[in-house]
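Engineer: Below you will find the structure I want to go over with you.
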Amino acid sequence: MSNDATRNDPIEDERRRVNTYKLLAECYQQPDDDLTALLTETSNDEVTVDVETLCATAPAVDELRTDHAQLFVGPFELSAPPYESTYVDDPDRVMTEATVAVEGKYRRAGFDVAIDEPADHVAVELEFVYVLALQECEALVSGDREKAAEV
């Protein structure tokens, strides 16, 4: 399928959105060789971000790990805490009411968190949005607009 046809097909646009959420969820986890391979194997036609430029400008995986740790892990003050609770409840705490609310949404949707982080970690939240977007896309592909609207 050509780029022009892809860009005019609503289902393909949805698939690109789904793939973008999945890619972003992976990017917010600890960088490793699998992430590098994923970025290299992903084409700009599959997502709504420019992965070619990202790959061309990204540092080596060791530098990415260092940057990730400085931003999201610590050991002291985090430059960019990856937890929703630090932005909506208390900048100095995780596992607050926001975390509990997010856990409840996951539970009601049947979403199982597969990361050793609080449920309001940005990578988990992006993974959740990916799952919801995938369910919506699958419903659209099958012609079930009602189900797509419910997701």
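Each chain of the structure tokens is named A, B, ... in the order shown, its residues numbered from 1; ligands are numbered from 1 in display order.
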Within 10 Å of stretch 116-131 of chain A, which residues of stretch 23-75 of chain A show up? Give each one with its shortest atom-to-atom distance in Å (one decimal) and the two atoms involved, counting only C-alpha atoms, rows by chain then rising residue number, as a Markdown table.

Structural biologist:
| residue | atom | partner | partner_atom | distance |
| --- | --- | --- | --- | --- |
| A:Leu23 | CA | A:Glu127 | CA | 9.0 |
| A:Leu24 | CA | A:Leu126 | CA | 6.9 |
| A:Ala25 | CA | A:Ala123 | CA | 4.5 |
| A:Glu26 | CA | A:Ala123 | CA | 6.8 |
| A:Cys27 | CA | A:Ala123 | CA | 7.8 |
| A:Tyr28 | CA | A:Ala123 | CA | 5.2 |
| A:Gln29 | CA | A:Ala123 | CA | 6.2 |
| A:Gln30 | CA | A:Ala123 | CA | 9.9 |
| A:Phe72 | CA | A:His121 | CA | 9.9 |

Engineer: I need the residues from that last selection saved to file as a PDB file, in the first residue's frame (with N, CA and C atoms), if you can.

Structural biologist:
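Dumped to out.pdb:
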ATOM      1  N   LEU A  23       4.841   1.535  20.692  1.00  0.00           N
ATOM      2  CA  LEU A  23       6.231   1.982  20.592  1.00  0.00           C
ATOM      3  C   LEU A  23       6.585   2.942  21.736  1.00  0.00           C
ATOM      4  N   LEU A  24       5.708   3.886  22.023  1.00  0.00           N
ATOM      5  CA  LEU A  24       5.972   4.834  23.109  1.00  0.00           C
ATOM      6  C   LEU A  24       6.035   4.134  24.459  1.00  0.00           C
ATOM      7  N   ALA A  25       5.169   3.148  24.670  1.00  0.00           N
ATOM      8  CA  ALA A  25       5.217   2.379  25.925  1.00  0.00           C
ATOM      9  C   ALA A  25       6.577   1.712  26.076  1.00  0.00           C
ATOM     10  N   GLU A  26       7.095   1.169  25.007  1.00  0.00           N
ATOM     11  CA  GLU A  26       8.413   0.521  25.045  1.00  0.00           C
ATOM     12  C   GLU A  26       9.516   1.548  25.299  1.00  0.00           C
ATOM     13  N   CYS A  27       9.381   2.723  24.725  1.00  0.00           N
ATOM     14  CA  CYS A  27      10.420   3.759  24.873  1.00  0.00           C
ATOM     15  C   CYS A  27      10.544   4.281  26.299  1.00  0.00           C
ATOM     16  N   TYR A  28       9.494   4.177  27.099  1.00  0.00           N
ATOM     17  CA  TYR A  28       9.551   4.670  28.473  1.00  0.00           C
ATOM     18  C   TYR A  28      10.030   3.615  29.469  1.00  0.00           C
ATOM     19  N   GLN A  29      10.354   2.418  28.979  1.00  0.00           N
ATOM     20  CA  GLN A  29      10.930   1.397  29.850  1.00  0.00           C
ATOM     21  C   GLN A  29      12.457   1.455  29.753  1.00  0.00           C
ATOM     22  N   GLN A  30      13.120   0.694  30.600  1.00  0.00           N
ATOM     23  CA  GLN A  30      14.585   0.656  30.606  1.00  0.00           C
ATOM     24  C   GLN A  30      15.092   0.306  29.201  1.00  0.00           C
ATOM     25  N   PHE A  72      14.292   9.046  35.131  1.00  0.00           N
ATOM     26  CA  PHE A  72      13.164   8.304  35.673  1.00  0.00           C
ATOM     27  C   PHE A  72      13.448   7.430  36.890  1.00  0.00           C
TER      28      PHE A  72
END

Engineer: I'd like to know which residues of chain A are alpha helix (DSSP H) (by DSSP, run on the backbone); could you write them as a count of residues only?

Structural biologist: 91

Engineer: Which residue gives the smallest distance to A:Leu134 among A:Glu14, A:Asp9, A:Glu52, A:Asp34, with only C-alpha atoms counted?

Structural biologist: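 Selected residue with least distance to A:Leu134: A:Glu14.
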
Engineer: Using only C-alpha atoms, find the one residue out of A:Ser79, A:Ala60, A:Gln135, A:Leu140 that sits nearest to A:Asp32.

Structural biologist: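 Residue with the minimum atom-to-atom distance to A:Asp32: A:Ala60.
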